[in-house]
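Right, one structure below, let's go through it.
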There are 2 protein chains.
Amino acid sequence: LVRRSHRRADGRFLVEGPAAVSSALATTGLAELFVTAEAAERHPELAAHATAEVTPEVMAALSDTVTPQGLVGVADLLDVPLASVLPARLVVVLAYARDPGNAGTILRTADAMGADAVVFPDDSVDPYNPKCVRSSAGSLFHLPVVSGGAAPGILKALKENGLRVLATDASGGTSLDDADLAGPTAWVFGNEAWGLPDDVVAGADERVRVPIHGRAESLNLATAAAVCLYASARGQREPGGCRT
Amino acid sequence: LVRRSHRRADGRFLVEGPAAVSSALATTGLAELFVTAEAAERHPELAAHATAEVTPEVMAALSDTVTPQGLVGVADLLDVPLASVLPARLVVVLAYARDPGNAGTILRTADAMGADAVVFPDDSVDPYNPKCVRSSAGSLFHLPVVSGGAAPGILKALKENGLRVLATDASGGTSLDDADLAGPTAWVFGNEAWGLPDDVVAGADERVRVPIHGRAESLNLATAAAVCLYASARGQREPGGCRT
């Protein structure tokens with residue numbers, strides 16, 4: 001299950017470490033849970049759900065990490081169809097992203113900012129990649145995940161359901177400070193290095209850039225996403241952008 | 001120079017990869033620059049500044065990374081005294097942070113948001129750690145870095161120079177949406193796991209939290225910092241927080 005093709009064939013993925021295991025047990029549940037004796041002592045409330053106790057050697061073989069935390073669960077894939085999350089107020093589309101750590105951080109941020117769903121189109125990183133699961137800090141289990149489908153069709157469906165589709169573009173477009181964020185919004189974030197292809201940008205309602213005031217050339221992907229989602233969450237709660 | 005004690009003793013640090021080397025050459029310069037023949041071919045404009053061409057084996061020994069990019073520079077430490085950056089409009093204090101990747105990302109974000117300086121008090125990660133240098137994507141060379149000193153004394157100096165000191169606190173305080181960000185501001189970010197100690201929080205003017213709307217328990221440190229610095233940059237440019 002460390003490999004994407006095996007995860008898809010089995011319909012299952014690995015859930016490692018106490019934080020993720022705890023989130024899974026509190027939400028969708030786990031098909032299986034393996035613990036070491038040491039981890040069972042440290043986390044008795046989680047170990048109570050264990051399928052089997054295993055040796056540190058077996059744990060090392062099951063785990064994706066160099067220093068396993070002694071708890072590995074197996075969960076069913078969580079995918080839901082796009083239609084099931086629509087209509088929605090705030091949706092994140094992560095297109096062509098390649099770094100699972102970034103993807104997990106964006107899942108965590110999307111959860112914190114009250115997003116309704118995160119969509120991973122074809123050619124994006126797999127949300128069930130063990131690194132993504134870890135860096136999502138449990139948020140993978142908190143909000144619906146849509147996996148697969150061509151990005152242009154996904155954007156079309158979002159627009160037909162009343163969402164304003166905003167494509168992030170470091171090179172231009174409307175400044176985030178000036179974007180109209182009061183209504184239902186879908187954010188499209190692209191690849192870490194090259195952003196979004198033209199056909200995806202063309203399918204958006206507007207291009208939006210995070211304003212850069214210093215000499216940095218850009219922000220990292222997870223950072224830019226955090227700033228956009230914070231502005232959106234705030235814009236939806238304070239229509240007009242006035243505090244007083 | 002991969003070790004902090006050696007960097008401090010020598011007063012120098014490693015600058016790896018084409019992006020960081022390019023930023024260093026464009027700003028403070030490099031004391032030495034080593035390139036492999038392959039990297040010299042790919043980056044002739046950088047290789048023109050090389051001290052020596054080295055074999056891939058020597059490069060691997062010089063480099064901190066598993067897959068060296070063929071360019072390693074040595075630069076003098078960039079520290080400036082806190083007094084030299086005051087008065088200021090926007091300052092970041094990174095106290096007790098341990099993850100150099102986070103620190104570098106925050107340096108990059110601080111640069112993008114127009115911060116005047118980033119302060120690394122005693123007991124924070126070393127800004128010259130190779131991972132921090134890499135993840136700063138050149139921003140370490142773009143804005144002044146202050147290194148060392150006790151956090152409470154640093155906060156006192158910032159207040160005496162007219163900055164409003166805001167301590168981030170996931171557990172409470174004013175919501176970022178409601179914080180007064182119009183004037184000169186210093187943000188204090190803490191440790192990835194446990195935040196800020198009481199004596200540092202007590203030295204701040206206000207505790208501020210990023211509002212969480214979903215089920216995520218918190219944001220990662222670099223994400224929270226990005227959101228706060230974006231809100232600050234915007235608050236200083238749009239006093240009152242009204243767009244129209």
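Numbering starts fresh at 1 for the residues of each chain in the structure tokens, the chains themselves are lettered A, B, ... in the order given, and ligands are numbered from 1 as they appear.
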
At most 10 Å to chain B: residues in chain A, only C-alpha atoms, as a PDB file with N, CA and C atoms, in the first residue's frame:
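Below is the file that was written, part10.pdb:
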```
ATOM      1  N   THR A 105      -0.474  19.397   3.595  1.00  0.00           N
ATOM      2  CA  THR A 105      -0.562  20.692   4.283  1.00  0.00           C
ATOM      3  C   THR A 105      -1.761  21.480   3.762  1.00  0.00           C
ATOM      4  N   ILE A 106      -2.026  21.408   2.459  1.00  0.00           N
ATOM      5  CA  ILE A 106      -3.168  22.126   1.883  1.00  0.00           C
ATOM      6  C   ILE A 106      -4.487  21.499   2.353  1.00  0.00           C
ATOM      7  N   LEU A 107      -4.537  20.180   2.475  1.00  0.00           N
ATOM      8  CA  LEU A 107      -5.727  19.531   3.053  1.00  0.00           C
ATOM      9  C   LEU A 107      -5.999  20.053   4.467  1.00  0.00           C
ATOM     10  N   ARG A 108      -4.924  20.124   5.258  1.00  0.00           N
ATOM     11  CA  ARG A 108      -5.055  20.603   6.641  1.00  0.00           C
ATOM     12  C   ARG A 108      -5.540  22.051   6.657  1.00  0.00           C
ATOM     13  N   THR A 109      -4.990  22.891   5.798  1.00  0.00           N
ATOM     14  CA  THR A 109      -5.392  24.293   5.739  1.00  0.00           C
ATOM     15  C   THR A 109      -6.836  24.422   5.257  1.00  0.00           C
ATOM     16  N   ALA A 110      -7.197  23.635   4.233  1.00  0.00           N
ATOM     17  CA  ALA A 110      -8.561  23.687   3.703  1.00  0.00           C
ATOM     18  C   ALA A 110      -9.566  23.330   4.791  1.00  0.00           C
ATOM     19  N   ASP A 111      -9.237  22.317   5.570  1.00  0.00           N
ATOM     20  CA  ASP A 111     -10.073  21.920   6.706  1.00  0.00           C
ATOM     21  C   ASP A 111     -10.208  23.081   7.689  1.00  0.00           C
ATOM     22  N   ALA A 112      -9.071  23.670   8.070  1.00  0.00           N
ATOM     23  CA  ALA A 112      -9.080  24.762   9.056  1.00  0.00           C
ATOM     24  C   ALA A 112      -9.886  25.965   8.562  1.00  0.00           C
ATOM     25  N   MET A 113      -9.864  26.201   7.258  1.00  0.00           N
ATOM     26  CA  MET A 113     -10.552  27.374   6.717  1.00  0.00           C
ATOM     27  C   MET A 113     -12.011  27.071   6.368  1.00  0.00           C
ATOM     28  N   GLY A 114     -12.478  25.885   6.719  1.00  0.00           N
ATOM     29  CA  GLY A 114     -13.884  25.559   6.546  1.00  0.00           C
ATOM     30  C   GLY A 114     -14.274  25.169   5.130  1.00  0.00           C
ATOM     31  N   ALA A 115     -13.317  24.692   4.329  1.00  0.00           N
ATOM     32  CA  ALA A 115     -13.648  24.272   2.965  1.00  0.00           C
ATOM     33  C   ALA A 115     -14.589  23.068   2.996  1.00  0.00           C
ATOM     34  N   ASP A 116     -15.414  22.927   1.948  1.00  0.00           N
ATOM     35  CA  ASP A 116     -16.371  21.823   1.868  1.00  0.00           C
ATOM     36  C   ASP A 116     -15.764  20.564   1.271  1.00  0.00           C
ATOM     37  N   SER A 135       1.091  14.589   6.564  1.00  0.00           N
ATOM     38  CA  SER A 135       1.136  16.050   6.696  1.00  0.00           C
ATOM     39  C   SER A 135      -0.267  16.656   6.762  1.00  0.00           C
ATOM     40  N   SER A 136      -1.297  15.878   6.429  1.00  0.00           N
ATOM     41  CA  SER A 136      -2.664  16.406   6.591  1.00  0.00           C
ATOM     42  C   SER A 136      -3.076  16.420   8.060  1.00  0.00           C
ATOM     43  N   ALA A 137      -2.313  15.745   8.920  1.00  0.00           N
ATOM     44  CA  ALA A 137      -2.552  15.770  10.375  1.00  0.00           C
ATOM     45  C   ALA A 137      -4.000  15.416  10.726  1.00  0.00           C
ATOM     46  N   GLY A 138      -4.557  14.455  10.006  1.00  0.00           N
ATOM     47  CA  GLY A 138      -5.913  14.002  10.316  1.00  0.00           C
ATOM     48  C   GLY A 138      -6.983  14.643   9.440  1.00  0.00           C
ATOM     49  N   SER A 139      -6.660  15.745   8.777  1.00  0.00           N
ATOM     50  CA  SER A 139      -7.688  16.466   8.012  1.00  0.00           C
ATOM     51  C   SER A 139      -8.202  15.674   6.816  1.00  0.00           C
ATOM     52  N   LEU A 140      -7.412  14.723   6.317  1.00  0.00           N
ATOM     53  CA  LEU A 140      -7.897  13.861   5.234  1.00  0.00           C
ATOM     54  C   LEU A 140      -9.206  13.179   5.628  1.00  0.00           C
ATOM     55  N   PHE A 141      -9.387  12.939   6.925  1.00  0.00           N
ATOM     56  CA  PHE A 141     -10.600  12.269   7.408  1.00  0.00           C
ATOM     57  C   PHE A 141     -11.716  13.255   7.767  1.00  0.00           C
ATOM     58  N   HIS A 142     -11.402  14.547   7.714  1.00  0.00           N
ATOM     59  CA  HIS A 142     -12.378  15.543   8.179  1.00  0.00           C
ATOM     60  C   HIS A 142     -13.223  16.137   7.075  1.00  0.00           C
ATOM     61  N   LEU A 143     -12.707  16.134   5.843  1.00  0.00           N
ATOM     62  CA  LEU A 143     -13.510  16.755   4.789  1.00  0.00           C
ATOM     63  C   LEU A 143     -13.479  15.878   3.553  1.00  0.00           C
ATOM     64  N   LEU A 176      -5.137  39.404  -4.945  1.00  0.00           N
ATOM     65  CA  LEU A 176      -6.008  38.776  -3.945  1.00  0.00           C
ATOM     66  C   LEU A 176      -6.710  39.831  -3.089  1.00  0.00           C
ATOM     67  N   ASP A 177      -6.019  40.944  -2.825  1.00  0.00           N
ATOM     68  CA  ASP A 177      -6.605  42.008  -2.005  1.00  0.00           C
ATOM     69  C   ASP A 177      -7.868  42.587  -2.648  1.00  0.00           C
ATOM     70  N   ASP A 178      -7.964  42.516  -3.975  1.00  0.00           N
ATOM     71  CA  ASP A 178      -9.077  43.143  -4.689  1.00  0.00           C
ATOM     72  C   ASP A 178     -10.094  42.134  -5.199  1.00  0.00           C
ATOM     73  N   ALA A 179      -9.838  40.857  -5.022  1.00  0.00           N
ATOM     74  CA  ALA A 179     -10.741  39.832  -5.564  1.00  0.00           C
ATOM     75  C   ALA A 179     -12.063  39.824  -4.801  1.00  0.00           C
ATOM     76  N   VAL A 210      -1.392  36.312  -5.415  1.00  0.00           N
ATOM     77  CA  VAL A 210      -1.094  36.840  -4.081  1.00  0.00           C
ATOM     78  C   VAL A 210      -0.120  37.998  -4.277  1.00  0.00           C
ATOM     79  N   PRO A 211      -0.437  39.191  -3.778  1.00  0.00           N
ATOM     80  CA  PRO A 211       0.468  40.322  -4.006  1.00  0.00           C
ATOM     81  C   PRO A 211       1.806  40.125  -3.290  1.00  0.00           C
ATOM     82  N   ILE A 212       2.894  40.387  -3.999  1.00  0.00           N
ATOM     83  CA  ILE A 212       4.248  40.242  -3.458  1.00  0.00           C
ATOM     84  C   ILE A 212       4.819  41.643  -3.257  1.00  0.00           C
ATOM     85  N   HIS A 213       5.221  41.932  -2.013  1.00  0.00           N
ATOM     86  CA  HIS A 213       5.690  43.288  -1.716  1.00  0.00           C
ATOM     87  C   HIS A 213       7.212  43.380  -1.613  1.00  0.00           C
ATOM     88  N   GLY A 214       7.889  42.252  -1.437  1.00  0.00           N
ATOM     89  CA  GLY A 214       9.340  42.273  -1.253  1.00  0.00           C
ATOM     90  C   GLY A 214      10.059  41.776  -2.489  1.00  0.00           C
ATOM     91  N   ARG A 215      11.196  41.124  -2.293  1.00  0.00           N
ATOM     92  CA  ARG A 215      11.999  40.670  -3.420  1.00  0.00           C
ATOM     93  C   ARG A 215      11.875  39.181  -3.687  1.00  0.00           C
ATOM     94  N   ALA A 216      11.051  38.466  -2.889  1.00  0.00           N
ATOM     95  CA  ALA A 216      10.817  37.046  -3.171  1.00  0.00           C
ATOM     96  C   ALA A 216      10.128  36.939  -4.526  1.00  0.00           C
ATOM     97  N   GLU A 217      10.498  35.941  -5.302  1.00  0.00           N
ATOM     98  CA  GLU A 217       9.884  35.806  -6.622  1.00  0.00           C
ATOM     99  C   GLU A 217       8.495  35.200  -6.541  1.00  0.00           C
ATOM    100  N   SER A 218       8.268  34.410  -5.519  1.00  0.00           N
ATOM    101  CA  SER A 218       6.986  33.712  -5.396  1.00  0.00           C
ATOM    102  C   SER A 218       6.857  33.182  -3.981  1.00  0.00           C
ATOM    103  N   LEU A 219       5.722  32.578  -3.703  1.00  0.00           N
ATOM    104  CA  LEU A 219       5.509  31.880  -2.442  1.00  0.00           C
ATOM    105  C   LEU A 219       5.544  30.387  -2.703  1.00  0.00           C
ATOM    106  N   ASN A 220       5.766  29.581  -1.683  1.00  0.00           N
ATOM    107  CA  ASN A 220       5.639  28.152  -1.936  1.00  0.00           C
ATOM    108  C   ASN A 220       4.152  27.805  -2.035  1.00  0.00           C
ATOM    109  N   ALA A 222       1.964  25.639  -0.738  1.00  0.00           N
ATOM    110  CA  ALA A 222       1.110  25.513   0.447  1.00  0.00           C
ATOM    111  C   ALA A 222       0.905  26.868   1.118  1.00  0.00           C
ATOM    112  N   THR A 223       1.928  27.717   1.058  1.00  0.00           N
ATOM    113  CA  THR A 223       1.830  29.056   1.627  1.00  0.00           C
ATOM    114  C   THR A 223       0.835  29.908   0.842  1.00  0.00           C
ATOM    115  N   ALA A 224       0.949  29.894  -0.469  1.00  0.00           N
ATOM    116  CA  ALA A 224       0.030  30.668  -1.315  1.00  0.00           C
ATOM    117  C   ALA A 224      -1.405  30.187  -1.101  1.00  0.00           C
ATOM    118  N   ALA A 225      -1.584  28.872  -1.019  1.00  0.00           N
ATOM    119  CA  ALA A 225      -2.923  28.323  -0.809  1.00  0.00           C
ATOM    120  C   ALA A 225      -3.484  28.781   0.533  1.00  0.00           C
ATOM    121  N   ALA A 226      -2.640  28.798   1.566  1.00  0.00           N
ATOM    122  CA  ALA A 226      -3.099  29.213   2.893  1.00  0.00           C
ATOM    123  C   ALA A 226      -3.598  30.653   2.867  1.00  0.00           C
ATOM    124  N   VAL A 227      -2.853  31.504   2.211  1.00  0.00           N
ATOM    125  CA  VAL A 227      -3.213  32.918   2.153  1.00  0.00           C
ATOM    126  C   VAL A 227      -4.537  33.093   1.389  1.00  0.00           C
ATOM    127  N   CYS A 228      -4.683  32.404   0.266  1.00  0.00           N
ATOM    128  CA  CYS A 228      -5.922  32.520  -0.527  1.00  0.00           C
ATOM    129  C   CYS A 228      -7.127  31.992   0.247  1.00  0.00           C
ATOM    130  N   LEU A 229      -6.960  30.868   0.918  1.00  0.00           N
ATOM    131  CA  LEU A 229      -8.095  30.267   1.637  1.00  0.00           C
ATOM    132  C   LEU A 229      -8.463  31.090   2.863  1.00  0.00           C
ATOM    133  N   TYR A 230      -7.461  31.672   3.522  1.00  0.00           N
ATOM    134  CA  TYR A 230      -7.776  32.568   4.643  1.00  0.00           C
ATOM    135  C   TYR A 230      -8.572  33.773   4.137  1.00  0.00           C
ATOM    136  N   ALA A 231      -8.116  34.375   3.046  1.00  0.00           N
ATOM    137  CA  ALA A 231      -8.811  35.548   2.497  1.00  0.00           C
ATOM    138  C   ALA A 231     -10.240  35.181   2.105  1.00  0.00           C
ATOM    139  N   ALA A 233     -12.154  32.618   3.374  1.00  0.00           N
ATOM    140  CA  ALA A 233     -12.960  32.351   4.570  1.00  0.00           C
ATOM    141  C   ALA A 233     -13.394  33.671   5.198  1.00  0.00           C
ATOM    142  N   ARG A 234     -12.480  34.620   5.211  1.00  0.00           N
ATOM    143  CA  ARG A 234     -12.780  35.929   5.787  1.00  0.00           C
ATOM    144  C   ARG A 234     -13.742  36.711   4.891  1.00  0.00           C
ATOM    145  N   ARG A 237     -17.274  35.652   5.310  1.00  0.00           N
ATOM    146  CA  ARG A 237     -17.874  35.981   6.601  1.00  0.00           C
ATOM    147  C   ARG A 237     -18.061  37.485   6.790  1.00  0.00           C
ATOM    148  N   GLU A 238     -17.296  38.275   6.041  1.00  0.00           N
ATOM    149  CA  GLU A 238     -17.391  39.744   6.127  1.00  0.00           C
ATOM    150  C   GLU A 238     -17.630  40.299   4.739  1.00  0.00           C
ATOM    151  N   GLY A 240     -18.009  42.467   1.705  1.00  0.00           N
ATOM    152  CA  GLY A 240     -17.656  43.873   1.573  1.00  0.00           C
ATOM    153  C   GLY A 240     -16.271  44.155   2.135  1.00  0.00           C
ATOM    154  N   GLY A 241     -15.807  43.281   3.021  1.00  0.00           N
ATOM    155  CA  GLY A 241     -14.447  43.418   3.517  1.00  0.00           C
ATOM    156  C   GLY A 241     -14.289  44.460   4.607  1.00  0.00           C
ATOM    157  N   CYS A 242     -15.388  44.948   5.193  1.00  0.00           N
ATOM    158  CA  CYS A 242     -15.296  45.983   6.223  1.00  0.00           C
ATOM    159  C   CYS A 242     -15.353  45.354   7.598  1.00  0.00           C
ATOM    160  N   ARG A 243     -14.430  45.777   8.444  1.00  0.00           N
ATOM    161  CA  ARG A 243     -14.437  45.241   9.805  1.00  0.00           C
ATOM    162  C   ARG A 243     -15.341  46.059  10.700  1.00  0.00           C
ATOM    163  N   THR A 244     -15.412  47.378  10.452  1.00  0.00           N
ATOM    164  CA  THR A 244     -16.180  48.228  11.370  1.00  0.00           C
ATOM    165  C   THR A 244     -17.228  49.019  10.612  1.00  0.00           C
TER     166      THR A 244
END
```

Next item on the list: Write out as an MDAnalysis selection string all residues of stretch 8-226 of chain B that DSSP puts in alpha helix (DSSP H) for this structure's backbone.
Entry: chainID B and resid 8:10 18:26 37:42 44:47 56:62 100:112 130:135 151:160 198:202 221:226

Note to self: Can you tell me which residues surround B:Gly153 at a distance of at most 10 Å, considering only C-alpha atoms, apart from same-chain residues fewer than 3 positions away, and format the answer as a PyMOL selection string?
What the structure shows: chain B and resi 121+149-150+156-159+200+203

Go ahead and write the residues just picked, N, CA, C and O atoms, as a PDB file, in the first residue's frame.
```pdb
ATOM      1  N   PRO B 121      15.803  34.521  17.779  1.00  0.00           N
ATOM      2  CA  PRO B 121      16.400  34.620  19.120  1.00  0.00           C
ATOM      3  C   PRO B 121      17.144  33.337  19.496  1.00  0.00           C
ATOM      4  O   PRO B 121      17.064  32.331  18.786  1.00  0.00           O
ATOM      5  N   GLY B 149      20.204  36.453  21.027  1.00  0.00           N
ATOM      6  CA  GLY B 149      19.577  37.375  21.979  1.00  0.00           C
ATOM      7  C   GLY B 149      18.373  36.707  22.610  1.00  0.00           C
ATOM      8  O   GLY B 149      17.735  35.844  22.006  1.00  0.00           O
ATOM      9  N   ALA B 150      18.050  37.088  23.849  1.00  0.00           N
ATOM     10  CA  ALA B 150      16.909  36.495  24.556  1.00  0.00           C
ATOM     11  C   ALA B 150      15.610  37.098  24.042  1.00  0.00           C
ATOM     12  O   ALA B 150      15.526  38.320  23.827  1.00  0.00           O
ATOM     13  N   LYS B 156      10.983  43.660  24.087  1.00  0.00           N
ATOM     14  CA  LYS B 156      11.030  44.960  24.763  1.00  0.00           C
ATOM     15  C   LYS B 156      11.583  46.031  23.816  1.00  0.00           C
ATOM     16  O   LYS B 156      11.031  47.132  23.696  1.00  0.00           O
ATOM     17  N   ALA B 157      12.669  45.695  23.135  1.00  0.00           N
ATOM     18  CA  ALA B 157      13.282  46.654  22.203  1.00  0.00           C
ATOM     19  C   ALA B 157      12.322  47.002  21.069  1.00  0.00           C
ATOM     20  O   ALA B 157      12.235  48.151  20.635  1.00  0.00           O
ATOM     21  N   LEU B 158      11.576  46.012  20.600  1.00  0.00           N
ATOM     22  CA  LEU B 158      10.620  46.258  19.513  1.00  0.00           C
ATOM     23  C   LEU B 158       9.524  47.214  19.985  1.00  0.00           C
ATOM     24  O   LEU B 158       9.152  48.155  19.273  1.00  0.00           O
ATOM     25  N   LYS B 159       9.020  46.975  21.196  1.00  0.00           N
ATOM     26  CA  LYS B 159       7.970  47.852  21.737  1.00  0.00           C
ATOM     27  C   LYS B 159       8.485  49.272  21.928  1.00  0.00           C
ATOM     28  O   LYS B 159       7.780  50.245  21.630  1.00  0.00           O
ATOM     29  N   VAL B 200       7.311  34.865  27.205  1.00  0.00           N
ATOM     30  CA  VAL B 200       7.327  35.550  25.908  1.00  0.00           C
ATOM     31  C   VAL B 200       5.939  36.116  25.599  1.00  0.00           C
ATOM     32  O   VAL B 200       5.801  37.268  25.179  1.00  0.00           O
ATOM     33  N   GLY B 203       5.270  39.223  27.383  1.00  0.00           N
ATOM     34  CA  GLY B 203       5.977  40.389  26.862  1.00  0.00           C
ATOM     35  C   GLY B 203       5.352  40.991  25.623  1.00  0.00           C
ATOM     36  O   GLY B 203       5.817  42.018  25.118  1.00  0.00           O
TER      37      GLY B 203
END
```

Checklist line | DSSP strand (DSSP E or B) residues within stretch 46-150 of chain B, listed as a PyMOL selection string | finding: chain B and resi 52-53+71-76+90-94+117-120+145-147
